[in-house]
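Student: The following file, start.cif, comprises mmCIF, C-alpha atoms:
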data_structure
loop_
_atom_site.label_atom_id
_atom_site.label_comp_id
_atom_site.auth_asym_id
_atom_site.auth_seq_id
_atom_site.Cartn_x
_atom_site.Cartn_y
_atom_site.Cartn_z
CA MET A 1 66.51 77.55 155.44
CA VAL A 2 62.96 76.94 156.69
CA ASN A 3 62.34 73.34 157.69
CA ARG A 4 59.99 72.15 154.95
CA SER A 5 59.96 69.39 152.37
CA PHE A 6 60.09 71.60 149.26
CA LEU A 7 62.00 74.52 147.78
CA THR A 8 60.33 77.81 146.88
CA LEU A 9 61.01 80.81 144.65
CA ASP A 10 63.17 82.19 147.47
CA ASP A 11 65.64 79.29 147.31
CA LYS A 12 67.11 79.81 143.83
CA PRO A 13 68.45 82.83 141.92
CA LEU A 14 65.87 83.52 139.19
CA SER A 15 67.14 86.65 137.44
CA GLY A 16 67.79 85.96 133.76
CA LYS A 17 66.62 82.34 134.07
CA THR A 18 63.95 80.87 131.82
CA VAL A 19 61.38 79.59 134.29
CA PHE A 20 58.59 77.23 133.23
CA VAL A 21 55.56 77.48 135.54
CA ARG A 22 52.66 75.03 135.68
CA VAL A 23 49.63 76.99 136.82
CA ASP A 24 45.98 75.98 136.96
CA LEU A 25 43.88 78.46 135.01
CA ASN A 26 41.04 75.98 134.51
CA CYS A 27 37.83 77.92 135.18
CA PRO A 28 34.09 77.96 134.44
CA VAL A 29 33.09 78.84 130.88
CA ASP A 30 29.92 80.88 130.34
CA GLU A 31 27.39 78.77 128.42
CA LYS A 32 26.11 81.73 126.40
CA THR A 33 29.22 83.76 125.65
CA LYS A 34 31.58 80.75 125.73
CA LYS A 35 34.06 82.97 127.56
CA PRO A 36 36.06 81.74 130.57
CA GLN A 37 35.06 83.38 133.86
CA LEU A 38 37.50 84.62 136.49
CA SER A 39 38.26 81.99 139.13
CA PRO A 40 40.03 82.22 142.52
CA ARG A 41 42.86 80.15 141.04
CA ILE A 42 43.67 82.78 138.41
CA THR A 43 43.68 85.47 141.09
CA ALA A 44 45.95 83.40 143.33
CA HIS A 45 48.48 82.60 140.59
CA ALA A 46 48.91 86.33 139.91
CA ARG A 47 51.22 86.53 142.95
CA THR A 48 53.62 83.92 141.55
CA VAL A 49 53.61 85.54 138.10
CA LEU A 50 54.28 89.01 139.50
CA ASP A 51 57.04 87.80 141.83
CA LEU A 52 58.79 85.99 138.98
CA SER A 53 58.60 89.05 136.76
CA LEU A 54 59.96 91.32 139.49
CA SER A 55 62.80 88.86 140.09
CA GLY A 56 63.88 89.23 136.46
CA ALA A 57 62.91 85.74 135.36
CA LYS A 58 61.83 84.92 131.82
CA THR A 59 58.50 83.27 132.58
CA VAL A 60 56.75 80.62 130.48
CA LEU A 61 53.31 79.64 131.76
CA LEU A 62 51.84 76.18 131.10
CA ALA A 63 48.15 75.53 131.78
CA HIS A 64 45.04 73.66 130.64
CA GLN A 65 41.32 74.26 130.23
CA GLY A 66 38.83 71.40 130.20
CA ARG A 67 39.20 67.98 128.67
CA ALA A 68 39.11 66.96 125.02
CA GLY A 69 35.49 66.46 124.00
CA ASP A 70 34.02 68.58 126.81
CA ASP A 71 32.16 71.85 126.24
CA ASP A 72 34.74 73.83 128.20
CA PHE A 73 37.71 72.51 126.22
CA THR A 74 38.98 75.72 124.69
CA SER A 75 41.88 78.07 123.96
CA LEU A 76 43.70 79.96 126.71
CA GLU A 77 43.71 83.27 124.83
CA PHE A 78 41.07 84.85 127.08
CA HIS A 79 42.71 83.35 130.18
CA ALA A 80 45.79 85.47 129.42
CA LYS A 81 43.62 88.59 129.57
CA LEU A 82 42.02 87.54 132.86
CA LEU A 83 45.40 86.79 134.40
CA GLN A 84 46.81 90.07 133.05
CA LYS A 85 44.10 92.04 134.88
CA GLU A 86 44.74 90.20 138.15
CA VAL A 87 48.51 90.74 137.92
CA ALA A 88 47.94 94.44 137.21
CA LYS A 89 45.63 94.75 140.23
CA LEU A 90 48.14 93.03 142.46
CA ALA A 91 51.02 95.15 141.17
CA LYS A 92 49.05 98.32 141.89
CA LYS A 93 48.07 97.09 145.35
CA THR A 94 51.66 96.08 146.12
CA GLY A 95 52.93 99.46 144.94
CA GLU A 96 50.40 101.32 147.11
CA LYS A 97 51.46 99.34 150.19
CA ALA A 98 55.11 100.07 149.52
CA ALA A 99 54.38 103.79 149.07
CA SER A 100 52.45 103.93 152.36
CA GLY A 101 55.29 102.27 154.21
CA GLU A 102 53.37 99.08 154.96
CA LYS A 103 56.12 97.06 153.32
CA LYS A 104 59.58 97.77 152.06
CA SER A 105 59.98 98.14 148.35
CA ALA A 106 61.74 95.26 146.69
CA PRO A 107 64.31 95.90 143.97
CA GLY A 108 62.45 96.67 140.76
CA GLU A 109 59.07 96.68 142.52
CA LYS A 110 58.05 100.01 140.97
CA LYS A 111 58.20 98.52 137.50
CA PRO A 112 54.83 98.34 135.71
CA ALA A 113 52.95 95.03 135.80
CA PRO A 114 54.27 92.64 133.15
CA LYS A 115 52.23 92.11 130.01
CA ILE A 116 51.20 88.50 129.57
CA LYS A 117 51.58 87.57 125.94
CA PHE A 118 49.49 84.67 124.68
CA VAL A 119 51.19 82.29 122.24
CA ASP A 120 48.78 80.27 120.11
CA ASP A 121 50.99 77.20 120.10
CA VAL A 122 51.96 74.61 122.71
CA CYS A 123 55.39 73.40 121.73
CA GLY A 124 55.94 74.04 118.02
CA GLU A 125 58.15 76.55 116.25
CA LYS A 126 55.96 79.48 117.28
CA SER A 127 56.32 78.70 120.98
CA LYS A 128 60.05 78.01 120.64
CA GLY A 129 60.54 81.38 118.97
CA ALA A 130 58.53 83.16 121.66
CA ILE A 131 60.57 81.52 124.44
CA LYS A 132 63.88 82.41 122.76
CA ALA A 133 62.77 86.03 122.40
CA LEU A 134 61.88 86.45 126.08
CA LYS A 135 63.64 89.17 128.02
CA ALA A 136 64.09 89.45 131.77
CA GLY A 137 60.75 90.16 133.48
CA GLU A 138 58.61 89.16 130.51
CA VAL A 139 55.82 86.57 130.65
CA ILE A 140 54.18 84.38 128.03
CA LEU A 141 51.29 81.91 128.28
CA LEU A 142 51.42 78.96 125.90
CA GLN A 143 48.33 77.35 124.41
CA ASN A 144 46.24 74.73 126.27
CA VAL A 145 48.62 71.83 127.01
CA ARG A 146 45.75 69.37 126.60
CA TYR A 147 45.70 70.19 122.91
CA LEU A 148 48.56 67.68 122.87
CA ASP A 149 47.35 64.07 122.61
CA ASP A 150 50.12 62.79 124.89
CA GLU A 151 49.85 65.39 127.69
CA THR A 152 47.76 63.12 129.90
CA LYS A 153 49.59 59.94 128.82
CA PHE A 154 53.04 60.86 130.09
CA GLU A 155 53.26 58.03 132.63
CA LYS A 156 51.66 55.50 130.29
CA ASN A 157 54.11 56.47 127.53
CA GLY A 158 57.13 55.83 129.74
CA GLY A 159 57.94 59.48 130.27
CA LYS A 160 57.84 60.42 126.61
CA SER A 161 56.15 63.68 125.70
CA GLU A 162 56.08 66.07 122.77
CA LEU A 163 55.94 68.99 125.20
CA VAL A 164 59.01 67.94 127.16
CA SER A 165 61.10 66.76 124.21
CA ASN A 166 60.46 70.01 122.32
CA LEU A 167 60.78 72.55 125.14
CA SER A 168 63.01 71.04 127.84
CA GLN A 169 66.12 72.55 126.25
CA PHE A 170 64.81 76.05 126.99
CA CYS A 171 63.86 75.44 130.64
CA ASP A 172 66.34 76.42 133.38
CA ILE A 173 63.99 76.03 136.36
CA PHE A 174 60.57 74.42 136.70
CA VAL A 175 57.97 75.83 139.11
CA LEU A 176 54.90 73.85 140.08
CA ASP A 177 52.27 76.29 141.34
CA ALA A 178 49.18 74.12 140.77
CA PHE A 179 48.52 71.87 143.75
CA SER A 180 45.14 71.16 142.13
CA CYS A 181 47.02 69.34 139.33
CA ALA A 182 49.70 67.73 141.52
CA HIS A 183 47.86 64.41 141.74
CA ARG A 184 48.23 63.90 137.98
CA ALA A 185 51.41 62.49 136.46
CA HIS A 186 50.92 64.59 133.33
CA ALA A 187 53.72 65.89 131.13
CA SER A 188 53.25 69.53 132.14
CA VAL A 189 53.22 68.58 135.83
CA VAL A 190 56.13 66.16 136.22
CA GLY A 191 57.78 66.12 132.80
CA PHE A 192 60.45 68.71 133.63
CA SER A 193 61.64 66.98 136.82
CA SER A 194 65.25 66.85 135.55
CA LYS A 195 65.38 70.62 136.07
CA PRO A 196 65.53 72.25 139.52
CA CYS A 197 61.92 72.11 140.76
CA LEU A 198 60.42 74.77 143.04
CA ALA A 199 57.01 75.38 144.58
CA GLY A 200 55.32 78.58 143.46
CA ARG A 201 53.56 80.87 145.92
CA VAL A 202 50.22 79.06 145.66
CA MET A 203 51.81 75.62 145.93
CA ALA A 204 53.91 76.66 148.92
CA GLN A 205 50.83 77.94 150.75
CA GLU A 206 48.87 74.77 150.01
CA LEU A 207 51.64 72.42 151.12
CA GLY A 208 52.45 74.51 154.17
CA ALA A 209 48.85 74.33 155.36
CA LEU A 210 48.61 70.62 154.67
CA GLU A 211 51.89 69.76 156.36
CA SER A 212 50.64 71.54 159.48
CA PHE A 213 47.65 69.19 159.42
CA HIS A 214 49.70 66.02 159.94
CA ASN A 215 48.87 66.03 163.66
CA PRO A 216 45.49 67.77 163.88
CA LYS A 217 44.09 68.86 167.21
CA PRO A 218 41.14 66.67 168.31
CA PRO A 219 38.24 66.34 168.06
CA VAL A 220 38.75 65.99 164.29
CA VAL A 221 35.60 66.57 162.26
CA PHE A 222 35.21 65.98 158.53
CA VAL A 223 32.29 67.63 156.73
CA MET A 224 31.91 65.78 153.44
CA GLY A 225 29.40 66.56 150.70
CA GLY A 226 29.36 67.36 147.02
CA ALA A 227 28.36 65.18 144.10
CA LYS A 228 31.28 62.70 144.07
CA PRO A 229 31.21 60.29 147.03
CA ASP A 230 33.94 58.19 145.40
CA ASP A 231 36.31 61.06 146.33
CA SER A 232 35.17 61.08 149.96
CA LEU A 233 35.01 57.38 150.82
CA PRO A 234 38.78 56.67 150.63
CA ILE A 235 39.71 59.53 152.96
CA LEU A 236 37.00 58.54 155.44
CA ALA A 237 38.23 54.94 155.41
CA SER A 238 41.86 56.02 155.82
CA TRP A 239 41.26 58.37 158.75
CA LEU A 240 38.73 56.14 160.50
CA GLU A 241 41.00 53.11 160.30
CA ALA A 242 43.88 55.20 161.66
CA LYS A 243 41.60 56.30 164.53
CA LYS A 244 42.32 59.94 163.68
CA LEU A 245 38.74 60.94 162.83
CA ASP A 246 36.15 61.59 165.53
CA TYR A 247 33.16 62.58 163.39
CA ALA A 248 32.30 62.37 159.69
CA LEU A 249 29.34 64.60 158.87
CA CYS A 250 27.82 63.41 155.59
CA GLY A 251 25.76 65.61 153.28
CA GLY A 252 25.24 65.99 149.55
CA VAL A 253 25.28 62.85 147.45
CA LEU A 254 27.51 61.17 150.03
CA GLY A 255 24.82 61.69 152.67
CA SER A 256 22.23 60.04 150.43
CA LEU A 257 24.55 57.13 149.68
CA MET A 258 25.26 56.62 153.38
CA LEU A 259 21.53 56.70 154.21
CA LEU A 260 20.99 54.01 151.60
CA ALA A 261 23.91 52.02 153.01
CA SER A 262 22.34 52.23 156.46
CA GLY A 263 19.22 50.48 155.16
CA ARG A 264 17.00 53.44 154.25
CA LYS A 265 15.03 53.37 151.01
CA LEU A 266 15.30 56.70 149.21
CA GLY A 267 12.87 56.54 146.30
CA GLU A 268 13.58 59.04 143.51
CA THR A 269 17.05 59.82 144.87
CA GLU A 270 17.94 56.13 144.64
CA GLU A 271 17.21 56.21 140.91
CA PHE A 272 19.37 59.33 140.60
CA LEU A 273 22.27 57.57 142.33
CA ALA A 274 21.91 54.64 139.95
CA LYS A 275 21.98 56.91 136.87
CA LYS A 276 25.09 58.68 138.15
CA GLU A 277 26.76 55.28 138.77
CA VAL A 278 27.14 56.10 142.46
CA LEU A 279 25.73 52.77 143.57
CA VAL A 280 28.97 51.03 142.59
CA LYS A 281 30.29 52.45 145.89
CA LEU A 282 27.38 51.13 147.95
CA ASP A 283 29.29 48.14 149.34
CA ASP A 284 32.15 50.41 150.42
CA ALA A 285 29.68 52.70 152.16
CA ARG A 286 28.00 49.75 153.89
CA ALA A 287 31.35 48.50 155.17
CA LEU A 288 32.13 51.89 156.72
CA ILE A 289 28.67 52.22 158.26
CA ALA A 290 28.89 48.73 159.76
CA LYS A 291 32.27 49.39 161.35
CA TYR A 292 32.10 53.09 162.24
CA SER A 293 28.43 53.86 162.86
CA LYS A 294 29.26 55.99 165.93
CA GLN A 295 31.65 58.25 164.02
CA ILE A 296 29.63 58.59 160.81
CA VAL A 297 26.86 61.16 161.29
CA LEU A 298 23.96 60.95 158.82
CA PRO A 299 21.19 63.46 158.01
CA ILE A 300 18.14 63.23 160.29
CA ASP A 301 16.00 65.34 157.98
CA MET A 302 16.35 66.63 154.45
CA VAL A 303 14.93 69.06 151.92
CA VAL A 304 13.44 67.52 148.78
CA ASP A 305 12.65 69.17 145.47
CA ASP A 306 8.85 69.20 145.18
CA LYS A 307 8.33 70.66 141.69
CA GLY A 308 10.97 73.32 142.33
CA LYS A 309 9.85 74.10 145.86
CA ALA A 310 11.58 73.08 149.08
CA LYS A 311 9.83 70.48 151.22
CA ILE A 312 11.26 69.25 154.52
CA LEU A 313 11.08 65.54 155.28
CA GLU A 314 12.15 63.53 158.30
CA VAL A 315 14.31 60.49 157.61
CA SER A 316 11.41 58.35 158.82
CA GLU A 317 9.29 59.70 155.93
CA LEU A 318 11.54 58.18 153.30
CA PRO A 319 11.30 56.90 150.58
CA SER A 320 10.15 59.97 148.67
CA LEU A 321 8.96 60.55 145.12
CA ASN A 322 11.00 63.77 145.18
CA SER A 323 14.78 64.02 145.02
CA ILE A 324 16.86 64.97 148.06
CA SER A 325 18.41 68.38 147.39
CA ASP A 326 19.72 69.55 150.78
CA ILE A 327 20.11 68.58 154.42
CA GLY A 328 17.22 69.73 156.63
CA PRO A 329 17.22 72.33 159.43
CA LYS A 330 17.51 69.73 162.22
CA THR A 331 20.53 68.21 160.49
CA SER A 332 22.11 71.64 159.97
CA LYS A 333 21.72 72.39 163.67
CA HIS A 334 23.06 68.96 164.68
CA PHE A 335 26.08 69.29 162.36
CA GLY A 336 26.69 72.82 163.64
CA GLY A 337 26.76 71.62 167.23
CA ILE A 338 29.41 69.03 166.47
CA ILE A 339 31.46 71.53 164.45
CA SER A 340 31.41 73.99 167.38
CA THR A 341 33.30 71.47 169.53
CA ALA A 342 35.92 70.61 166.91
CA GLY A 343 39.64 71.15 167.30
CA SER A 344 40.24 70.52 163.59
CA ILE A 345 37.84 70.60 160.65
CA VAL A 346 38.08 69.49 157.02
CA MET A 347 35.23 70.47 154.70
CA ASN A 348 34.98 69.32 151.11
CA GLY A 349 31.80 69.80 149.12
CA PRO A 350 28.41 71.46 149.74
CA MET A 351 25.51 69.87 151.62
CA GLY A 352 23.10 70.13 148.69
CA VAL A 353 22.18 71.95 145.50
CA TYR A 354 23.39 75.24 146.99
CA GLU A 355 23.28 77.01 143.60
CA LYS A 356 19.47 77.20 143.99
CA ASP A 357 18.35 79.39 146.88
CA GLU A 358 15.60 76.93 147.86
CA PHE A 359 18.22 74.27 148.59
CA SER A 360 21.12 76.37 149.86
CA ASN A 361 20.33 76.73 153.55
CA GLY A 362 22.12 73.56 154.69
CA THR A 363 25.40 74.53 153.04
CA LYS A 364 25.11 78.10 154.33
CA LYS A 365 24.45 77.05 157.93
CA VAL A 366 27.30 74.55 157.95
CA LEU A 367 29.76 77.07 156.48
CA GLU A 368 28.69 79.62 159.07
CA ALA A 369 29.28 77.05 161.81
CA VAL A 370 32.77 76.32 160.45
CA SER A 371 33.60 80.04 160.31
CA LYS A 372 32.50 80.48 163.94
CA SER A 373 34.40 77.47 165.23
CA SER A 374 37.58 78.04 167.22
CA GLY A 375 39.11 74.91 165.63
CA PHE A 376 41.54 75.04 162.70
CA SER A 377 39.57 74.61 159.48
CA LEU A 378 40.76 73.38 156.11
CA LEU A 379 38.31 73.78 153.23
CA GLY A 380 38.64 72.71 149.61
CA GLY A 381 36.83 71.89 146.38
CA GLY A 382 35.57 74.17 143.61
CA HIS A 383 31.96 74.13 144.78
CA THR A 384 33.01 74.84 148.35
CA LEU A 385 34.87 77.93 147.13
CA SER A 386 31.84 79.07 145.13
CA ALA A 387 29.59 78.57 148.15
CA LEU A 388 31.91 80.67 150.32
CA ASP A 389 31.56 83.49 147.81
CA LYS A 390 27.80 83.08 147.44
CA PHE A 391 27.16 83.27 151.17
CA LYS A 392 29.81 85.94 151.73
CA ILE A 393 31.61 83.92 154.40
CA ASP A 394 34.52 85.89 155.86
CA ARG A 395 37.58 83.84 154.93
CA SER A 396 39.65 85.52 157.63
CA HIS A 397 37.64 83.42 160.10
CA LEU A 398 38.72 80.20 158.39
CA GLY A 399 42.01 78.35 158.85
CA TYR A 400 42.93 77.73 155.24
CA VAL A 401 40.92 77.61 152.01
CA SER A 402 42.51 75.28 149.47
CA LEU A 403 42.15 75.89 145.75
CA SER A 404 42.08 72.15 145.21
CA GLY A 405 39.51 69.41 145.63
CA LYS A 406 40.62 66.02 144.33
CA ALA A 407 44.32 66.59 145.09
CA LEU A 408 43.45 67.78 148.60
CA ILE A 409 41.44 64.64 149.31
CA GLU A 410 44.11 62.32 147.89
CA TYR A 411 46.82 64.05 149.92
CA LEU A 412 44.85 63.78 153.15
CA SER A 413 44.09 60.15 152.30
CA GLY A 414 47.81 59.43 152.49
CA GLU A 415 48.30 58.95 148.76
CA LYS A 416 51.51 60.15 147.14
CA LEU A 417 50.92 62.94 144.66
CA PRO A 418 53.36 62.85 141.71
CA GLY A 419 53.83 66.63 141.67
CA VAL A 420 54.47 66.82 145.41
CA GLU A 421 56.90 63.90 145.31
CA MET A 422 58.78 65.65 142.50
CA LEU A 423 59.19 68.77 144.66
CA ARG A 424 60.26 66.72 147.65
CA ALA A 425 62.94 65.01 145.57
CA TRP A 426 64.55 68.43 145.11
CA SER A 427 64.18 69.58 148.72
CA GLY A 428 67.77 68.76 149.64
CA LYS A 429 69.28 70.56 146.69
CA ALA A 430 69.04 74.20 147.71
CA PRO A 431 72.21 76.20 146.95
#
Just give me the structure as structure tokens.
Tutor:
Amino acid sequence: MVNRSFLTLDDKPLSGKTVFVRVDLNCPVDEKTKKPQLSPRITAHARTVLDLSLSGAKTVLLAHQGRAGDDDFTSLEFHAKLLQKEVAKLAKKTGEKAASGEKKSAPGEKKPAPKIKFVDDVCGEKSKGAIKALKAGEVILLQNVRYLDDETKFEKNGGKSELVSNLSQFCDIFVLDAFSCAHRAHASVVGFSSKPCLAGRVMAQELGALESFHNPKPPVVFVMGGAKPDDSLPILASWLEAKKLDYALCGGVLGSLMLLASGRKLGETEEFLAKKEVLVKLDDARALIAKYSKQIVLPIDMVVDDKGKAKILEVSELPSLNSISDIGPKTSKHFGGIISTAGSIVMNGPMGVYEKDEFSNGTKKVLEAVSKSSGFSLLGGGHTLSALDKFKIDRSHLGYVSLSGKALIEYLSGEKLPGVEMLRAWSGKAP
């Protein structure tokens, strides 16, 4: 058996077993049509679903979409259709490779792609009936698990859950394939831990890449941006204190917060940070700047939004009546130079409002620098993934692109993720 801290689909006989799989189908929802849009996560999970079907498992998919009260909190009916298309594409591609001799055909591989039946129920009689009726190779997707009031309160409720109490009797094996949900002790993530727990294909890839990052090759460079500096500060503190981080390149809202922490007045952007309750982290940012000023690299120029048009300002020209929307060209070049020397790179979050072309150049230039670097790169976060697609960055030039953001950061910060710990608890129980 491969020396790793988790079991995979290859470590247990699955034929005829009822396998519950926690996937992450959470994706953007179109504001006009209200329909979910295809995400890289759905495409990635297709491999696990197809492999389980081909193995003869009876597959029950558990997933969520949005949070109660949010605009994107909706049914998973359309998600089943999106996943169905991706599984069908993968099955066709796999079949073509086998026919051309690129890979050996696996038993049953020439079977048509499984149909993914949507069940409009989470854990009531309808879902129970659908699970009982499953035949080998068939797949069903249950309704949004967050329709249950206690899904997110599993830990708080002492391990009690309607989902688990109603469906546990039908589950032979539990597969966690959603690393992006592994940091949450929710019922659908850790509630079935009494069953043999395996990592799905996506989860195994994520953990494999992360475990190889325990001893990264120096210089280690973090490129941190995005809109949530409270996610970035803990990992910076952890790695800087451990003397494992050589450079922290700060863009996005984190870059603005760090500039403020260094004593710069920002103007309009400062008001924005206050409205977004980012300033509650100002003392934390000041503490890092005071102690690690040589390692923390701040923007030296920026692009501000001047009535929808890009305007470049030097740091010395702050404060500004216009909001900071991107790092400037000098900063992009400076960041790129540091990235080019890196032995290991972690990037989480864009450098600015990359969705708008006027403010996308900083993110584009930094991503291009990462793709050209000879160092091993690890990238994560939903907006980072979107930016890669927007700028058509060749992913084959990157080390590993994670489908997770928050879980990735927490893992690298040294925090224990409930889902990962559950898998590790089963790592010594392979047959």
Student: List every residue of region 305-407 of chain A that has an atom at most 7 Å from any atom of region 248-268 of chain A, giving for each one its closest atom pair and the distance in Å to one decimal, counting all atoms listed in the file, sorted by chain and then by ascending residue number, as a tab-separated table.
Tutor:
residue	atom	partner	partner_atom	distance
A:Leu318	CA	A:Leu266	CA	5.7
A:Pro319	CA	A:Leu266	CA	4.2
A:Ser320	CA	A:Gly267	CA	5.0
A:Leu321	CA	A:Glu268	CA	5.1
A:Asn322	CA	A:Glu268	CA	5.6
A:Ser323	CA	A:Glu268	CA	5.3
A:Asp326	CA	A:Gly252	CA	6.7
A:Ile327	CA	A:Gly251	CA	6.5
A:Phe335	CA	A:Leu249	CA	6.7
A:Pro350	CA	A:Gly252	CA	6.3
A:Met351	CA	A:Gly252	CA	4.4
A:Gly352	CA	A:Gly252	CA	4.7
Student: Expanded to explicit residues, what is the PyMOL selection byres ((chain A and resi 169) around 12) for this file, as number ranges by chain?
Tutor: A: 18-20, 123, 128, 131-132, 163-168, 170-174, 192, 194-195
Student: What residues come out when you apply the PyMOL selection byres ((chain A and resi 216) around 12) to this file, written as a PyMOL selection string?
Tutor: chain A and resi 209-215+217-222+239+244-246+342-346+375-378+412
Student: Would you list the contacts of Ala182 (chain A) as a PyMOL selection string, taking every protein, DNA or RNA residue within 7 Å and counting all atoms listed in the file, but skipping same-chain residues closer than 5 positions in sequence?
Tutor: chain A and resi 189+407+417-420
Student: With distances taken over all atoms listed in the file, which residue among A:Lys228, A:Arg22, A:Lys330, A:Lys356 lies nearest Val190 (chain A)?
Tutor: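 Result for the nearest residue to Val190 (chain A): A:Arg22.
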